[in-house]
Amino acid sequence: MIQITFKSETLRFGKRQIGIGSTRDDVQKAYRRDEKVDQEDLAYCAINFPGVEEGYYGESWCFILFCYDADGKVVSMAMQPSAFWGW
């Protein structure tokens, strides 16, 4: 499995420019049309991305995952591209 982890504050994604420092509310608004990663898949993702609290399935990625600090701000993000996902 290939997983890309983002920790740079300069990288931003999508129309809402989600990235490190975005609030949980901003993330949820940005991905509200995407299906949330279920608890079983989230637990599996936590093996390679400890501390993951939330994730979404997408069309151009398999998962996009988020870790938050105590204030609910993104401290790290990870993406598993669907092109590399083996079923």
# chains A, B, ... in the order shown; residues from 1 in each chain; ligands from 1

$ residues_around --residues "Gln28 of chain A" --least-positions-apart "2" --cutoff "12 Å" --atoms "only C-alpha atoms" --output "ChimeraX atom specification"
/A:16,18,22-26,30-36,54-56,64-66,72-74

$ residues_around --residues "Ile20 of chain A" --least-positions-apart "4" --cutoff "10 Å" --atoms "only C-alpha atoms" --output "list in words"
Phe6, Lys7, Ser8, Glu9, Thr10, Leu11, Arg12, Phe66, Cys67, Tyr68, Lys73, Val74, Val75, Ser76 and Met77 of chain A

$ write_last_selection --atoms "N, CA and C atoms" --output "short mmCIF file (atom, residue, chain, number, x, y, z; two decimals), in the first residue's frame"
data_model
loop_
_atom_site.label_atom_id
_atom_site.label_comp_id
_atom_site.auth_asym_id
_atom_site.auth_seq_id
_atom_site.Cartn_x
_atom_site.Cartn_y
_atom_site.Cartn_z
N PHE A 6 1.08 14.26 4.57
CA PHE A 6 1.34 15.70 4.44
C PHE A 6 1.50 16.31 5.82
N LYS A 7 2.59 17.06 5.99
CA LYS A 7 2.81 17.75 7.25
C LYS A 7 3.20 19.21 7.02
N SER A 8 3.26 19.62 5.78
CA SER A 8 3.64 20.99 5.42
C SER A 8 2.42 21.91 5.49
N GLU A 9 2.60 23.05 6.08
CA GLU A 9 1.51 24.02 6.19
C GLU A 9 1.25 24.75 4.87
N THR A 10 2.15 24.62 3.90
CA THR A 10 1.98 25.34 2.64
C THR A 10 1.11 24.60 1.63
N LEU A 11 0.95 23.29 1.77
CA LEU A 11 0.13 22.51 0.85
C LEU A 11 -1.34 22.63 1.22
N ARG A 12 -2.17 22.98 0.25
CA ARG A 12 -3.61 23.13 0.45
C ARG A 12 -4.33 22.42 -0.69
N PHE A 66 -7.29 12.31 8.36
CA PHE A 66 -6.94 13.51 9.12
C PHE A 66 -6.66 13.17 10.58
N CYS A 67 -5.61 13.80 11.12
CA CYS A 67 -5.32 13.79 12.55
C CYS A 67 -5.47 15.22 13.05
N TYR A 68 -6.09 15.37 14.22
CA TYR A 68 -6.36 16.69 14.78
C TYR A 68 -5.66 16.86 16.12
N LYS A 73 -7.72 21.20 15.21
CA LYS A 73 -7.07 21.64 13.97
C LYS A 73 -6.24 20.49 13.40
N VAL A 74 -6.20 20.42 12.07
CA VAL A 74 -5.46 19.36 11.39
C VAL A 74 -3.97 19.51 11.69
N VAL A 75 -3.36 18.42 12.17
CA VAL A 75 -1.91 18.42 12.40
C VAL A 75 -1.18 17.55 11.38
N SER A 76 -1.89 16.61 10.76
CA SER A 76 -1.32 15.84 9.66
C SER A 76 -2.45 15.23 8.85
N MET A 77 -2.14 14.99 7.59
CA MET A 77 -3.08 14.42 6.64
C MET A 77 -2.38 13.30 5.89
#

$ select_by_dssp --residues "chain A" --states "strand (DSSP E)" --output "ChimeraX atom specification"
/A:4-6,54-57,63-68,74-80

$ closest_residue --among "A:Gln39, A:Tyr44, A:Ile4, A:Glu53" --to "Ala70 of chain A" --atoms "only C-alpha atoms"
A:Glu53

$ atom_distance --atom1 "atom CA of Gln80 of chain A" --atom2 "atom CA of Lys15 of chain A"
19.9 Å

$ closest_residue --among "A:Gly19, A:Pro81, A:Phe63, A:Phe13" --to "Asp38 of chain A" --atoms "only C-alpha atoms"
A:Phe63

$ closest_residue --among "A:Val37, A:Gly14, A:Ala43, A:Pro50" --to "Cys62 of chain A" --atoms "only C-alpha atoms"
A:Val37

$ select_by_dssp --residues "chain A" --states "helix (DSSP H, G or I)" --output "PyMOL selection string"
chain A and resi 24-30+39-45+82-84

$ atom_distance --atom1 "atom CA of Asp71 of chain A" --atom2 "atom CA of Gly21 of chain A"
10.0 Å

$ atom_distance --atom1 "atom CA of Gln17 of chain A" --atom2 "atom CA of Met79 of chain A"
15.4 Å

$ decode --residues "chain A" --atoms "C-alpha atoms" --output "PDB file, in the first residue's frame"
ATOM      1  CA  MET A   1       0.000   0.000   0.000  1.00  0.00           C
ATOM      2  CA  ILE A   2       1.231   3.484  -0.828  1.00  0.00           C
ATOM      3  CA  GLN A   3       0.348   6.283   1.540  1.00  0.00           C
ATOM      4  CA  ILE A   4       1.322   9.911   1.140  1.00  0.00           C
ATOM      5  CA  THR A   5       1.522  11.893   4.384  1.00  0.00           C
ATOM      6  CA  PHE A   6       1.343  15.698   4.441  1.00  0.00           C
ATOM      7  CA  LYS A   7       2.812  17.754   7.249  1.00  0.00           C
ATOM      8  CA  SER A   8       3.637  20.991   5.424  1.00  0.00           C
ATOM      9  CA  GLU A   9       1.506  24.023   6.186  1.00  0.00           C
ATOM     10  CA  THR A  10       1.982  25.339   2.637  1.00  0.00           C
ATOM     11  CA  LEU A  11       0.132  22.506   0.846  1.00  0.00           C
ATOM     12  CA  ARG A  12      -3.614  23.126   0.449  1.00  0.00           C
ATOM     13  CA  PHE A  13      -6.211  21.063  -1.379  1.00  0.00           C
ATOM     14  CA  GLY A  14      -9.544  21.687  -3.052  1.00  0.00           C
ATOM     15  CA  LYS A  15     -11.783  24.715  -3.291  1.00  0.00           C
ATOM     16  CA  ARG A  16     -11.762  25.156   0.483  1.00  0.00           C
ATOM     17  CA  GLN A  17      -7.956  24.933   0.630  1.00  0.00           C
ATOM     18  CA  ILE A  18      -7.866  22.230   3.318  1.00  0.00           C
ATOM     19  CA  GLY A  19      -4.482  21.570   4.894  1.00  0.00           C
ATOM     20  CA  ILE A  20      -2.489  21.635   8.107  1.00  0.00           C
ATOM     21  CA  GLY A  21      -4.140  24.097  10.475  1.00  0.00           C
ATOM     22  CA  SER A  22      -7.640  23.729   8.972  1.00  0.00           C
ATOM     23  CA  THR A  23     -10.371  23.188  11.539  1.00  0.00           C
ATOM     24  CA  ARG A  24     -12.348  19.972  11.881  1.00  0.00           C
ATOM     25  CA  ASP A  25     -15.435  21.957  10.862  1.00  0.00           C
ATOM     26  CA  ASP A  26     -13.699  23.170   7.666  1.00  0.00           C
ATOM     27  CA  VAL A  27     -12.706  19.583   6.804  1.00  0.00           C
ATOM     28  CA  GLN A  28     -16.210  18.258   7.400  1.00  0.00           C
ATOM     29  CA  LYS A  29     -17.732  21.007   5.251  1.00  0.00           C
ATOM     30  CA  ALA A  30     -15.212  20.409   2.458  1.00  0.00           C
ATOM     31  CA  TYR A  31     -15.812  16.652   2.354  1.00  0.00           C
ATOM     32  CA  ARG A  32     -19.524  16.590   3.278  1.00  0.00           C
ATOM     33  CA  ARG A  33     -20.451  15.045  -0.085  1.00  0.00           C
ATOM     34  CA  ASP A  34     -17.919  12.229   0.286  1.00  0.00           C
ATOM     35  CA  GLU A  35     -18.606   9.085   2.258  1.00  0.00           C
ATOM     36  CA  LYS A  36     -16.864   8.885   5.642  1.00  0.00           C
ATOM     37  CA  VAL A  37     -14.380   6.060   6.127  1.00  0.00           C
ATOM     38  CA  ASP A  38     -16.041   3.393   8.273  1.00  0.00           C
ATOM     39  CA  GLN A  39     -14.579   2.418  11.639  1.00  0.00           C
ATOM     40  CA  GLU A  40     -13.139  -0.882  10.385  1.00  0.00           C
ATOM     41  CA  ASP A  41     -11.179   0.798   7.561  1.00  0.00           C
ATOM     42  CA  LEU A  42     -10.172   3.649   9.879  1.00  0.00           C
ATOM     43  CA  ALA A  43      -8.736   1.149  12.361  1.00  0.00           C
ATOM     44  CA  TYR A  44      -6.809  -0.513   9.514  1.00  0.00           C
ATOM     45  CA  CYS A  45      -5.473   2.890   8.393  1.00  0.00           C
ATOM     46  CA  ALA A  46      -4.311   3.605  11.947  1.00  0.00           C
ATOM     47  CA  ILE A  47      -1.686   0.880  11.579  1.00  0.00           C
ATOM     48  CA  ASN A  48       0.259   3.124   9.163  1.00  0.00           C
ATOM     49  CA  PHE A  49      -1.162   6.485  10.267  1.00  0.00           C
ATOM     50  CA  PRO A  50      -1.407   6.451  14.078  1.00  0.00           C
ATOM     51  CA  GLY A  51      -3.766   8.984  15.587  1.00  0.00           C
ATOM     52  CA  VAL A  52      -6.102   9.122  12.587  1.00  0.00           C
ATOM     53  CA  GLU A  53      -9.491  10.364  13.724  1.00  0.00           C
ATOM     54  CA  GLU A  54     -11.430  10.866  10.534  1.00  0.00           C
ATOM     55  CA  GLY A  55     -11.302   9.984   6.879  1.00  0.00           C
ATOM     56  CA  TYR A  56     -13.259  10.106   3.655  1.00  0.00           C
ATOM     57  CA  TYR A  57     -13.535   7.909   0.576  1.00  0.00           C
ATOM     58  CA  GLY A  58     -13.163   9.686  -2.756  1.00  0.00           C
ATOM     59  CA  GLU A  59     -13.117   9.159  -6.492  1.00  0.00           C
ATOM     60  CA  SER A  60      -9.516  10.231  -7.143  1.00  0.00           C
ATOM     61  CA  TRP A  61      -8.181   8.766  -3.895  1.00  0.00           C
ATOM     62  CA  CYS A  62      -9.001   5.686  -1.886  1.00  0.00           C
ATOM     63  CA  PHE A  63      -8.861   7.441   1.495  1.00  0.00           C
ATOM     64  CA  ILE A  64      -8.004  10.903   2.731  1.00  0.00           C
ATOM     65  CA  LEU A  65      -7.259  10.836   6.447  1.00  0.00           C
ATOM     66  CA  PHE A  66      -6.938  13.509   9.125  1.00  0.00           C
ATOM     67  CA  CYS A  67      -5.316  13.789  12.549  1.00  0.00           C
ATOM     68  CA  TYR A  68      -6.362  16.690  14.785  1.00  0.00           C
ATOM     69  CA  ASP A  69      -4.853  18.408  17.807  1.00  0.00           C
ATOM     70  CA  ALA A  70      -6.728  19.136  21.063  1.00  0.00           C
ATOM     71  CA  ASP A  71      -8.156  22.316  19.508  1.00  0.00           C
ATOM     72  CA  GLY A  72      -9.611  20.426  16.535  1.00  0.00           C
ATOM     73  CA  LYS A  73      -7.065  21.638  13.970  1.00  0.00           C
ATOM     74  CA  VAL A  74      -5.457  19.358  11.389  1.00  0.00           C
ATOM     75  CA  VAL A  75      -1.908  18.416  12.404  1.00  0.00           C
ATOM     76  CA  SER A  76      -1.321  15.839   9.663  1.00  0.00           C
ATOM     77  CA  MET A  77      -3.085  14.418   6.637  1.00  0.00           C
ATOM     78  CA  ALA A  78      -2.570  11.251   4.627  1.00  0.00           C
ATOM     79  CA  MET A  79      -3.872  10.120   1.273  1.00  0.00           C
ATOM     80  CA  GLN A  80      -3.937   6.668  -0.213  1.00  0.00           C
ATOM     81  CA  PRO A  81      -4.228   7.081  -3.997  1.00  0.00           C
ATOM     82  CA  SER A  82      -6.788   4.750  -5.591  1.00  0.00           C
ATOM     83  CA  ALA A  83      -4.450   3.994  -8.500  1.00  0.00           C
ATOM     84  CA  PHE A  84      -2.138   2.184  -6.087  1.00  0.00           C
ATOM     85  CA  TRP A  85      -4.781   0.479  -3.982  1.00  0.00           C
ATOM     86  CA  GLY A  86      -4.843  -3.284  -4.438  1.00  0.00           C
ATOM     87  CA  TRP A  87      -8.059  -5.111  -3.618  1.00  0.00           C
TER      88      TRP A  87
END
